[in-house]
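Shown next: model.txt, containing compact mmCIF, C-alpha atoms.
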# COMPACT_ATOMS: atom_id res chain seq x y z
CA MET H 89 169.09 133.96 165.97
CA TYR H 90 165.37 133.29 165.37
CA PRO H 91 163.17 135.38 167.66
CA VAL H 92 160.40 133.78 169.71
CA LYS H 93 157.44 135.88 170.87
CA GLU H 94 154.46 134.99 173.00
CA ASN H 95 151.02 135.67 171.57
CA GLY H 96 147.63 134.40 172.73
CA GLY H 97 149.05 131.44 174.64
CA TYR H 98 151.32 130.39 171.78
CA SER H 99 155.04 130.65 171.33
CA VAL H 100 155.59 132.13 167.88
CA VAL H 101 158.93 131.32 166.24
CA HIS H 102 159.87 133.75 163.48
CA LEU H 103 162.02 132.06 160.86
CA THR H 104 163.65 134.57 158.52
CA GLY H 105 165.80 134.78 155.41
CA GLU H 106 167.36 131.71 153.86
CA VAL H 107 166.74 128.56 155.89
CA ASP H 108 169.28 126.15 154.44
CA LEU H 109 171.62 123.47 155.76
CA ASN H 110 173.70 126.23 157.32
CA CYS H 111 170.82 127.68 159.37
CA SER H 112 168.34 124.82 159.79
CA PRO H 113 170.11 123.30 162.87
CA GLU H 114 169.39 126.58 164.69
CA ALA H 115 165.77 126.59 163.47
CA ARG H 116 165.39 123.01 164.68
CA ARG H 117 166.88 123.87 168.07
CA VAL H 118 164.55 126.84 168.61
CA ILE H 119 161.47 124.87 167.54
CA LEU H 120 162.25 121.89 169.77
CA ASP H 121 163.16 124.12 172.74
CA CYS H 122 159.73 125.78 172.55
CA LEU H 123 158.00 122.41 172.47
CA ARG H 124 160.10 121.09 175.34
CA SER H 125 158.81 124.05 177.34
CA ASN H 126 155.35 122.57 176.72
CA ASN H 127 154.19 125.56 174.70
CA PRO H 128 151.76 125.31 171.80
CA LEU H 129 153.69 126.55 168.80
CA LEU H 130 153.19 128.64 165.70
CA ILE H 131 155.99 129.12 163.19
CA ASP H 132 155.89 132.36 161.22
CA LEU H 133 157.33 131.87 157.74
CA SER H 134 156.40 135.28 156.32
CA ALA H 135 160.03 136.45 156.14
CA VAL H 136 161.47 133.23 154.72
CA THR H 137 163.01 133.93 151.31
CA TYR H 138 164.41 130.44 150.78
CA ILE H 139 163.95 127.08 152.45
CA ASP H 140 165.47 123.74 151.53
CA SER H 141 164.73 120.17 152.58
CA SER H 142 166.73 120.56 155.81
CA GLY H 143 164.53 123.52 156.80
CA ILE H 144 161.40 121.58 155.87
CA ALA H 145 162.72 118.66 157.94
CA SER H 146 162.91 120.95 160.99
CA LEU H 147 159.23 121.81 160.53
CA VAL H 148 158.26 118.16 160.09
CA GLU H 149 160.17 117.16 163.21
CA GLY H 150 158.53 119.97 165.18
CA TYR H 151 155.10 118.87 164.01
CA GLN H 152 155.78 115.26 164.98
CA VAL H 153 157.06 116.20 168.43
CA SER H 154 154.07 118.50 169.00
CA ARG H 155 151.70 115.64 168.23
CA LYS H 156 153.51 113.35 170.65
CA LEU H 157 153.24 116.03 173.34
CA ASN H 158 149.63 116.85 172.40
CA LEU H 159 150.57 120.48 171.77
CA ASP H 160 148.96 122.64 169.13
CA PHE H 161 151.17 123.42 166.12
CA GLY H 162 150.78 125.47 162.99
CA LEU H 163 152.51 127.45 160.27
CA VAL H 164 151.47 131.07 159.78
CA GLY H 165 152.02 133.73 157.11
CA VAL H 166 153.77 131.26 154.82
CA SER H 167 155.75 133.17 152.16
CA ASP H 168 155.21 132.30 148.51
CA ARG H 169 158.60 130.64 148.21
CA ALA H 170 158.14 128.56 151.36
CA MET H 171 154.65 127.55 150.20
CA SER H 172 156.03 126.52 146.83
CA VAL H 173 158.52 124.17 148.52
CA LEU H 174 155.84 122.81 150.90
CA HIS H 175 153.64 122.19 147.87
CA LEU H 176 156.46 120.42 146.02
CA ALA H 177 156.79 118.10 149.04
CA ARG H 178 152.98 117.85 149.25
CA LEU H 179 153.27 118.93 152.86
CA ASP H 180 150.89 121.85 152.33
CA GLN H 181 148.18 119.22 152.82
CA VAL H 182 149.76 117.94 156.04
CA PHE H 183 150.65 120.99 158.14
CA PRO H 184 147.96 123.15 159.74
CA ILE H 185 148.49 126.45 157.87
CA PHE H 186 146.98 129.83 158.76
CA ALA H 187 147.22 133.26 157.15
CA SER H 188 148.42 134.86 160.39
CA VAL H 189 148.69 134.38 164.15
CA GLU H 190 145.45 136.37 164.50
CA GLU H 191 143.73 134.04 162.05
CA ARG H 192 144.79 131.07 164.16
CA LEU H 193 143.62 132.72 167.36
CA LYS H 194 140.20 133.41 165.86
CA ARG H 195 139.61 129.69 165.30
CA ASP H 196 139.84 128.45 168.88
CA LEU H 197 142.08 128.37 171.91
CA PRO H 198 145.36 126.46 171.83
CA ARG H 199 145.20 122.91 173.01
CA GLU H 200 147.17 122.27 176.19
CA GLU H 201 148.00 119.27 178.34
CA MET P 200 178.95 113.13 123.35
CA PRO P 201 175.86 115.34 123.63
CA ASP P 202 176.02 118.97 122.54
CA THR P 203 176.85 120.82 125.76
CA GLY P 204 176.38 124.28 124.23
CA LYS P 205 177.69 127.41 125.86
CA GLN P 206 179.51 127.24 129.18
CA LEU P 207 178.01 129.56 131.77
CA VAL P 208 179.82 128.51 134.96
CA ASP P 209 182.90 126.50 135.90
CA VAL P 210 183.88 127.08 139.50
CA SER P 211 185.13 125.05 142.45
CA LEU P 212 183.65 125.81 145.86
CA PRO P 213 184.64 124.60 149.31
CA ALA P 214 182.24 121.88 150.45
CA GLN P 215 180.96 123.98 153.32
CA THR P 216 177.44 125.02 154.22
CA GLY P 217 178.64 128.63 154.41
CA HIS P 218 179.20 128.53 150.63
CA MET P 219 175.68 127.40 149.76
CA LYS P 220 174.51 130.98 149.32
CA GLN P 221 177.28 131.59 146.76
CA LEU P 222 176.31 128.40 144.93
CA ARG P 223 172.68 129.50 144.81
CA ARG P 224 173.66 132.91 143.43
CA LEU P 225 175.78 131.37 140.67
CA VAL P 226 173.03 128.94 139.68
CA ARG P 227 170.36 131.63 139.73
CA GLU P 228 172.45 133.91 137.49
CA ALA P 229 173.09 131.06 135.05
CA ALA P 230 169.39 130.14 134.96
CA GLU P 231 168.53 133.75 134.28
CA GLN P 232 171.08 133.87 131.46
CA ALA P 233 169.56 130.71 130.01
CA GLY P 234 166.13 132.35 129.96
CA PHE P 235 164.25 130.47 132.67
CA SER P 236 161.24 132.08 134.35
CA ASP P 237 161.40 133.21 137.98
CA ASN P 238 159.61 130.09 139.20
CA ASP P 239 161.84 127.77 137.22
CA ARG P 240 164.92 129.59 138.52
CA ASP P 241 163.76 129.09 142.10
CA ASP P 242 163.23 125.38 141.47
CA ILE P 243 166.58 124.89 139.71
CA VAL P 244 168.39 126.67 142.57
CA LEU P 245 166.65 124.37 145.08
CA ALA P 246 167.60 121.21 143.16
CA VAL P 247 171.28 122.14 142.82
CA ASP P 248 171.42 123.30 146.44
CA GLU P 249 170.01 119.94 147.58
CA ALA P 250 172.59 118.10 145.49
CA PHE P 251 175.42 120.22 146.93
CA ALA P 252 174.09 119.57 150.46
CA ASN P 253 174.03 115.83 149.79
CA ILE P 254 177.68 115.90 148.73
CA ILE P 255 178.64 117.83 151.88
CA LYS P 256 176.71 115.42 154.12
CA HIS P 257 176.93 112.01 152.50
CA ALA P 258 179.98 112.07 150.21
CA TYR P 259 182.34 114.27 152.26
CA HIS P 260 180.81 113.75 155.73
CA PHE P 261 181.17 117.51 156.44
CA ASP P 262 184.94 117.53 155.74
CA PRO P 263 185.47 121.29 155.18
CA ASP P 264 188.70 120.79 153.22
CA ARG P 265 187.01 119.14 150.24
CA GLU P 266 185.71 120.91 147.15
CA VAL P 267 182.82 120.63 144.75
CA ARG P 268 183.08 121.79 141.15
CA LEU P 269 180.01 123.33 139.59
CA VAL P 270 179.84 123.33 135.79
CA VAL P 271 176.86 124.77 133.92
CA PHE P 272 176.21 124.75 130.19
CA CYS P 273 173.22 125.75 128.20
CA THR P 274 171.99 124.92 124.76
CA GLU P 275 169.01 126.48 123.03
CA THR P 276 166.72 123.86 124.57
CA ALA P 277 168.21 122.92 127.95
CA MET P 278 170.54 123.79 130.77
CA ILE P 279 172.99 121.14 131.93
CA LEU P 280 174.30 121.43 135.49
CA GLU P 281 177.05 119.22 136.84
CA LEU P 282 178.40 118.81 140.35
CA HIS P 283 181.78 117.07 140.45
CA ASP P 284 183.14 115.59 143.67
CA ASP P 285 186.25 113.52 144.39
CA ALA P 286 184.63 111.23 146.95
CA GLU P 287 184.46 107.46 146.78
CA SER P 288 182.05 105.96 144.27
CA ILE P 289 178.44 106.38 145.25
CA ASP P 290 176.33 103.36 146.08
CA ARG P 291 173.50 104.32 143.74
CA SER P 292 171.11 101.92 145.43
CA ALA P 293 171.44 104.06 148.57
CA VAL P 294 170.36 107.23 146.73
CA LYS P 295 166.62 106.95 147.02
CA SER P 296 163.81 109.39 146.73
CA ARG P 297 161.49 109.47 149.70
CA SER P 298 157.98 108.10 149.48
CA LEU P 299 155.58 110.97 150.01
CA ASP P 300 153.45 108.71 152.21
CA ASP P 301 156.37 108.68 154.61
CA ILE P 302 156.14 111.93 156.55
CA SER P 303 159.59 111.96 158.05
CA PRO P 304 162.10 114.74 158.69
CA GLY P 305 164.63 113.52 156.11
CA GLY P 306 164.99 112.21 152.57
CA LEU P 307 163.28 115.03 150.71
CA GLY P 308 166.33 116.39 148.91
CA VAL P 309 166.62 113.62 146.33
CA TYR P 310 162.87 113.76 145.79
CA PHE P 311 163.12 117.49 145.03
CA ILE P 312 165.96 116.94 142.55
CA HIS P 313 163.98 114.32 140.64
CA GLN P 314 160.79 116.38 140.70
CA ILE P 315 162.47 119.52 139.40
CA MET P 316 164.98 118.21 136.87
CA ASP P 317 164.02 116.56 133.59
CA GLU P 318 167.00 114.20 133.72
CA THR P 319 169.50 113.22 136.41
CA GLU P 320 172.46 110.93 135.99
CA PHE P 321 175.27 109.79 138.27
CA ILE P 322 178.56 109.28 136.47
CA ASP P 323 181.24 107.22 138.22
CA CYS P 324 184.70 108.57 137.33
CA ASP P 325 186.51 105.25 137.81
CA GLY P 326 187.12 105.71 141.52
CA LYS P 327 188.26 109.31 141.08
CA GLY P 328 184.98 110.84 142.09
CA ASN P 329 181.44 111.27 140.89
CA ILE P 330 179.57 113.62 138.62
CA LEU P 331 175.90 114.35 139.14
CA ARG P 332 174.57 115.65 135.83
CA MET P 333 171.18 117.33 135.87
CA VAL P 334 169.31 118.54 132.82
CA LYS P 335 166.50 121.09 132.87
CA CYS P 336 164.67 121.69 129.62
CA ILE P 337 163.87 125.27 128.67
CA LYS P 338 160.24 125.89 127.77
CA GLU P 339 159.84 126.92 124.15
CA ARG P 340 158.60 130.39 125.04
CA ASP P 341 161.70 131.01 127.23
CA ARG P 342 164.32 129.84 124.73
CA ARG P 343 167.11 132.15 123.66
CA SER P 344 169.17 131.80 120.55
CA ASP P 345 172.34 133.09 122.27
CA CYS P 346 172.71 129.91 124.39
CA THR P 347 174.63 128.09 121.71
CA GLN P 348 178.30 127.69 121.04
Translate this file's structure into structure tokens.
Amino acid sequence: MYPVKENGGYSVVHLTGEVDLNCSPEARRVILDCLRSNNPLLIDLSAVTYIDSSGIASLVEGYQVSRKLNLDFGLVGVSDRAMSVLHLARLDQVFPIFASVEERLKRDLPREE
Amino acid sequence: MPDTGKQLVDVSLPAQTGHMKQLRRLVREAAEQAGFSDNDRDDIVLAVDEAFANIIKHAYHFDPDREVRLVVFCTETAMILELHDDAESIDRSAVKSRSLDDISPGGLGVYFIHQIMDETEFIDCDGKGNILRMVKCIKERDRRSDCTQ
């Protein structure tokens, strides 16, 4: 349901549309599958038109698992609505956030085991 | 009894995640009718959606045969949104907002509701269910005179 593309050594998960309690289990599954494959991960939120606490929880869980596995993790292209919800939860200060995948790649290489 | 103003919505929806989109549409249309700005509408939709999700998860334990009634009123100064369920009485001590120092995957929904709404109240219907009443005040510049009885 949510496409995953490879770019610059990262898996990039593209979340789209309305990420609510109906869809967030799938988002969580895709995010955790990428991390279990030991891939550094970026999550593209540019096409997210709505996200609720269950969607945010999937991102938080992904971030926590990535830290345990010492894998790089970030959010890219965060849509205005998604950013508003991250801000409400004060998680915009917690997640590594980048304007785009290219912006992340400019910074440095992904961290790997 | 407070002035509940003009009724905008009174609908019962199946307590299923597949109906959350419909709930959000109804709430957004009501918030627009009441005069809220785009940003306020987004926030109100999020709060009601979180409350609906909590009923599905915690009150009905994902039983798809249950229903939730959404009732929305507006006065000149506020919108009142109610979610009625017929679950057992809620243990209010268990309904807690998450500490923001606790970065954990869950517990954000109640925090969002309290952050967005100006008032929230749980009403116990004597063992016949619960009503979550949420009040969102309308900013003076957004008020409309047609949201009265």
Checklist entry - So which residues touch His283 of chain P within 8 Å, counting all atoms listed in the file, skipping near sequence neighbours fewer than 3 positions away, as a PyMOL selection string? => result chain P and resi 267-269+328-331
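Taking all atoms listed in the file into account, the residues near (162.6, 116.3, 166.2), no farther than 10 Å, are Arg116, Arg117, Ile119, Leu120, Leu123, Ala145, Ser146, Leu147, Val148, Glu149, Gly150, Tyr151, Gln152, Val153 and Ser154 of chain H; Ser303 and Pro304 of chain P.
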Item to check | Spatial neighbours of His175 of chain H, max dist 12 Å, all atoms listed in the file, sep filter under 4 positions, as a PyMOL selection string | outcome: (chain H and resi 144+166-171+179-183) or (chain P and resi 242+299+311+314)
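You can rank H:Ser112, H:Ser134, H:Ser141, H:Thr104 by their closest distance to chain P using all atoms listed in the file, and at the top of that list sits H:Ser141.
Of the residues under consideration (H:Asp132, H:Asp160, H:Asp140, H:Asp196), H:Asp140 shows the shortest atom-to-atom contact distance to Leu174 of chain H when counting only C-alpha atoms.
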Next on the checklist: At a cut-off of 6 Å, using all atoms listed in the file, what residues contact segment 211-218 of chain P? Leave out same-chain residues fewer than 2 positions from it and give the result as a PyMOL selection string.
Outcome noted: (chain H and resi 110) or (chain P and resi 220-221+255+263+265-268)
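The coordinates place atom CA of Glu249 of chain P at 15.2 Å from atom CA of Lys335 of chain P.
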List as a short mmCIF file (atom, residue, chain, number, x, y, z; two decimals) with C-alpha atoms, keeping the file's coordinate frame the protein and nucleic acid residues near Asp248 of chain P, meaning an atom at most 8 Å away when all atoms listed in the file are counted, but skip any in the same chain fewer than 3 places from it.
data_model
loop_
_atom_site.label_atom_id
_atom_site.label_comp_id
_atom_site.auth_asym_id
_atom_site.auth_seq_id
_atom_site.Cartn_x
_atom_site.Cartn_y
_atom_site.Cartn_z
CA ASP H 140 165.47 123.74 151.53
CA MET P 219 175.68 127.40 149.76
CA LEU P 222 176.31 128.40 144.93
CA ARG P 223 172.68 129.50 144.81
CA VAL P 244 168.39 126.67 142.57
CA LEU P 245 166.65 124.37 145.08
CA PHE P 251 175.42 120.22 146.93
CA ALA P 252 174.09 119.57 150.46
#
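Within 8 Å of Ala115 of chain H, once all atoms listed in the file are used and residues closer than 4 positions along the same chain are dropped, the contacting residues are Tyr90, Leu103, Val107, Cys111, Ile119, Gly143 and Ser146 of chain H.
Taking all atoms listed in the file into account, those protein, DNA and RNA residues with any atom at most 8 Å away from (153.2, 128.7, 160.9) amount to Leu130, Ile131, Asp132, Leu133, Phe161, Gly162, Leu163, Val164, Gly165, Val166, Pro184, Ile185, Phe186, Ser188 and Val189 of chain H.
Ranking P:Cys336, P:Ala250, P:Ile279, P:Cys324 by their shortest atom-to-atom distance to chain H, with all atoms listed in the file included, puts P:Ala250 first.
When only C-alpha atoms are used to measure the gap to Gly308 of chain P, the shortest distance among P:Leu280, P:Val247, P:Leu207, P:Met333 belongs to P:Val247.
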